[in-house]
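**Q** Just passing along the structure, written as structure tokens.
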Amino acid sequence: MNKIEIKDCPICGHSSFIDIFKCRDNTVSGELFQLVECRDCGFRFTSPRPADEHLGEYYKSDTYISHSDTDEGLTNKVYKRVRDFSLKIKYNLVRKYSKDKNGNLLDVGAGTGYFVNFCNRNGMQAEGFEPDSDARNVAKTTHGITLIDNWEKINKNFDVITMWHVLEHVPDLKNQFERLKAILKLNGILIIAVPNRESFDEKYYKSDWAAYDVPRHLYHFRKNDLIKLASDFNIKFVDDKPMWFDAPYVSILSEKHKKSYMATIKGSIFGMISNLASLFTNQQSSKIYIFRNGK
Ligand SMILES: [Zn+2]
């Protein structure tokens with residue numbers, strides 16, 4: 001497999017890194033991937049990683065439930081309940097920060113279109129961008145939505161852009177922010193949800209932490225990494241919010257990676273512990289960051 005080593009820190013440009021540990025791809029390939037940390041800014045990322053043209057091969061799994069719609073297994077059932085409730089929370093968050101209550105929204109990495117559909121049903125003008133054709137087909141058959149398949153086809157500016165657990169998958173971060181900047185209205189809202197590697201569940205599971213999800217997750221953000229990245233484009237940090245459901249979900253998967261006895265029960269309990277700990281640290285397993293576009 002053709003792998004590329006990242007030579008410059010994607011956030012600060014520094015070129016000296018510390019090896020942290022190797023994580024296993026437990027979903028598709030079983031391969032090990034090294035995580036490194038920038039000596040200057042502390043940003044952690046997957047390197048070496050598969051070349052861009054090979055990344056798609058690491059998404060080919062029935063259990064990669066962000067894109068699939070199987071009804072098997074307790075985890076998937078719980079996931080679906082949580083997803084429906086999460087849609088409401090995400091939508092309410094958009095409405096809270098967006099000044100124009102009937103504004104238009106672009107969901108980047110829209111997956112199977114659930115959020116776009118939810119926003120449209122509640123009066124927003126929502127569209128979605130999704131590069132994966134299988135996911136787009138599911139969006140079409142499930143919700144009757146045609147998601148945008150090519151970034152070049154996006155031909156207007158948006159009041160709100162959302163990226164729910166997407167940015168950690170995007171190969172070129174600065175290029176992505178340039179693209180976002182170009183289609184976000186002045187004072188428009190950018191909402192980014194990503195796993196938080198400063199969470200209690202990361203500290204407990206370390207290389208088994210399921211939210212490392214190598215090599216699909218290329219970047220492993222902290223709050224300050226995102227603030228620095230966005231500020232280079234004059235996109236200003238406004239607020240951050242917890243995502244409470246990710247801790248149990250990620251902890252259950254992490255226990256499964258460890259092949260623990262009673263993984264679901266153990267993971268559920270540890271997820272609750274992680275959430276309780278975050279009441280003191282504000283470091284949940286995943287977080288939502290809200291930004292506003294400056295000039
Ligand atoms: Zn750096």
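Starting from 1 in every chain, residues are counted up; chains themselves are A, B, ... following the order of the structure tokens, and ligands are numbered from 1 as listed.
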Find the spatial neighbours of region 93-100 of chain A, counting only C-alpha atoms, within a cut-off of 12 Å - ignore same-chain residues fewer than 3 positions away - and output them as a PyMOL selection string.
**A** chain A and resi 86-90+103-107+115+118-119+122-126+158-163+185-193+238-243+288-293
**Q** Given a cut-off of 7 Å, what residues near ligand 1 show up using only C-alpha atoms and all ligand atoms, put as a ChimeraX atom specification?
**A** /A:9-14,38-43
**Q** Could you save those same residues with N, CA and C atoms as a tab-separated table (two decimals), in the first residue's frame?
**A**
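Once written, selection.tsv looks like this:
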chain	number	residue	atom	x	y	z
A	9	CYS	N	3.65	20.24	9.59
A	9	CYS	CA	2.45	20.25	10.44
A	9	CYS	C	1.32	20.95	9.68
A	10	PRO	N	0.17	20.29	9.54
A	10	PRO	CA	-0.94	20.88	8.78
A	10	PRO	C	-1.48	22.16	9.40
A	11	ILE	N	-1.12	22.44	10.66
A	11	ILE	CA	-1.62	23.67	11.29
A	11	ILE	C	-0.55	24.74	11.37
A	12	CYS	N	0.65	24.42	11.87
A	12	CYS	CA	1.65	25.49	12.08
A	12	CYS	C	2.80	25.43	11.08
A	13	GLY	N	2.93	24.35	10.32
A	13	GLY	CA	3.98	24.27	9.31
A	13	GLY	C	5.32	23.76	9.82
A	14	HIS	N	5.44	23.59	11.13
A	14	HIS	CA	6.66	23.05	11.73
A	14	HIS	C	6.92	21.63	11.21
A	38	CYS	N	3.04	17.31	16.59
A	38	CYS	CA	3.95	18.41	16.23
A	38	CYS	C	4.70	18.89	17.48
A	39	ARG	N	6.02	19.00	17.37
A	39	ARG	CA	6.82	19.46	18.50
A	39	ARG	C	6.55	20.92	18.84
A	40	ASP	N	6.07	21.67	17.86
A	40	ASP	CA	5.85	23.10	18.08
A	40	ASP	C	4.46	23.37	18.65
A	41	CYS	N	3.41	22.95	17.95
A	41	CYS	CA	2.05	23.32	18.38
A	41	CYS	C	1.29	22.17	19.04
A	42	GLY	N	1.83	20.96	19.00
A	42	GLY	CA	1.17	19.84	19.69
A	42	GLY	C	0.05	19.19	18.92
A	43	PHE	N	-0.17	19.60	17.67
A	43	PHE	CA	-1.24	19.00	16.86
A	43	PHE	C	-0.91	17.53	16.58
**Q** Can you check which residues of region 52-204 of chain A DSSP gives as helix (DSSP H, G or I) on the backbone and send them as a ChimeraX atom specification?
**A** /A:52-59,74-97,114-121,133-143,151-153,167-169,173-183,200-204
**Q** So the first atom is CA of Leu180 (chain A) and the second is CA of Ile6 (chain A); what is the distance between them in Å, to one decimal place?
**A**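 Straight-line distance from CA of Leu180 (chain A) to CA of Ile6 (chain A) works out to 22.8 Å.
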**Q** Quick one, how far is CA of Lys3 (chain A) from CA of Ser199 (chain A)?
**A**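 Taking CA of Lys3 (chain A) and CA of Ser199 (chain A), their separation equals 28.9 Å.
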**Q** Apply DSSP to the structure's backbone, then extract all residues of region 22-262 of chain A labelled strand (DSSP E) and return them as number ranges by chain.
**A** A: 22-24, 32-38, 44-46, 49-50, 104-108, 125-129, 158-164, 184-195, 219-220, 235-243
**Q** Identify which of the residues A:Met262, A:Val194, A:Ala277, A:Leu253 lies closest to Asn76 (chain A), counting only C-alpha atoms when measuring atom-to-atom distances.
**A** A:Leu253
**Q** In Å to one decimal, how far is CA of Pro50 (chain A) from CA of Tyr212 (chain A)?
**A**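 Between CA of Tyr212 (chain A) and CA of Pro50 (chain A) the gap works out to 15.2 Å.
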**Q** Tell me, as number ranges by chain, which residues lie within 12 Å of Pro195 (chain A), counting only C-alpha atoms; anything in the same chain fewer than 4 positions away does not count.
**A** A: 164-169, 199-202, 209-213, 217-223, 226, 242-247, 249-250, 283-289
**Q** Ranking A:Phe45, A:Phe177, A:Tyr58, A:Phe85 by minimum distance to Asn26 (chain A) and counting only C-alpha atoms, which one comes first?
**A** A:Tyr58
**Q** Rank nothing, just name the residue among A:Val28, A:Ile145, A:Cys23, A:Ile227 nearest to Lys258 (chain A), using only C-alpha atoms.
**A** A:Cys23
**Q** Neighbours of region 131-137 of chain A within 6 Å (only C-alpha atoms; same-chain residues fewer than 2 positions away dropped), as a PyMOL selection string?
**A** chain A and resi 67+111-112+139-140+149
**Q** Determine the nearest neighbour of Pro171 (chain A) from the options A:Ser278, A:Lys259, A:Arg216, A:Asn234, counting only C-alpha atoms.
**A** A:Arg216
**Q** Need the shell around Phe129 (chain A): protein/DNA/RNA residues with any atom at most 6 Å away, counting only C-alpha atoms. Skip same-chain ones fewer than 2 positions apart. Format as a list in words?
**A** Val108, Gly109, Ala110, Leu147 and Ile148 of chain A
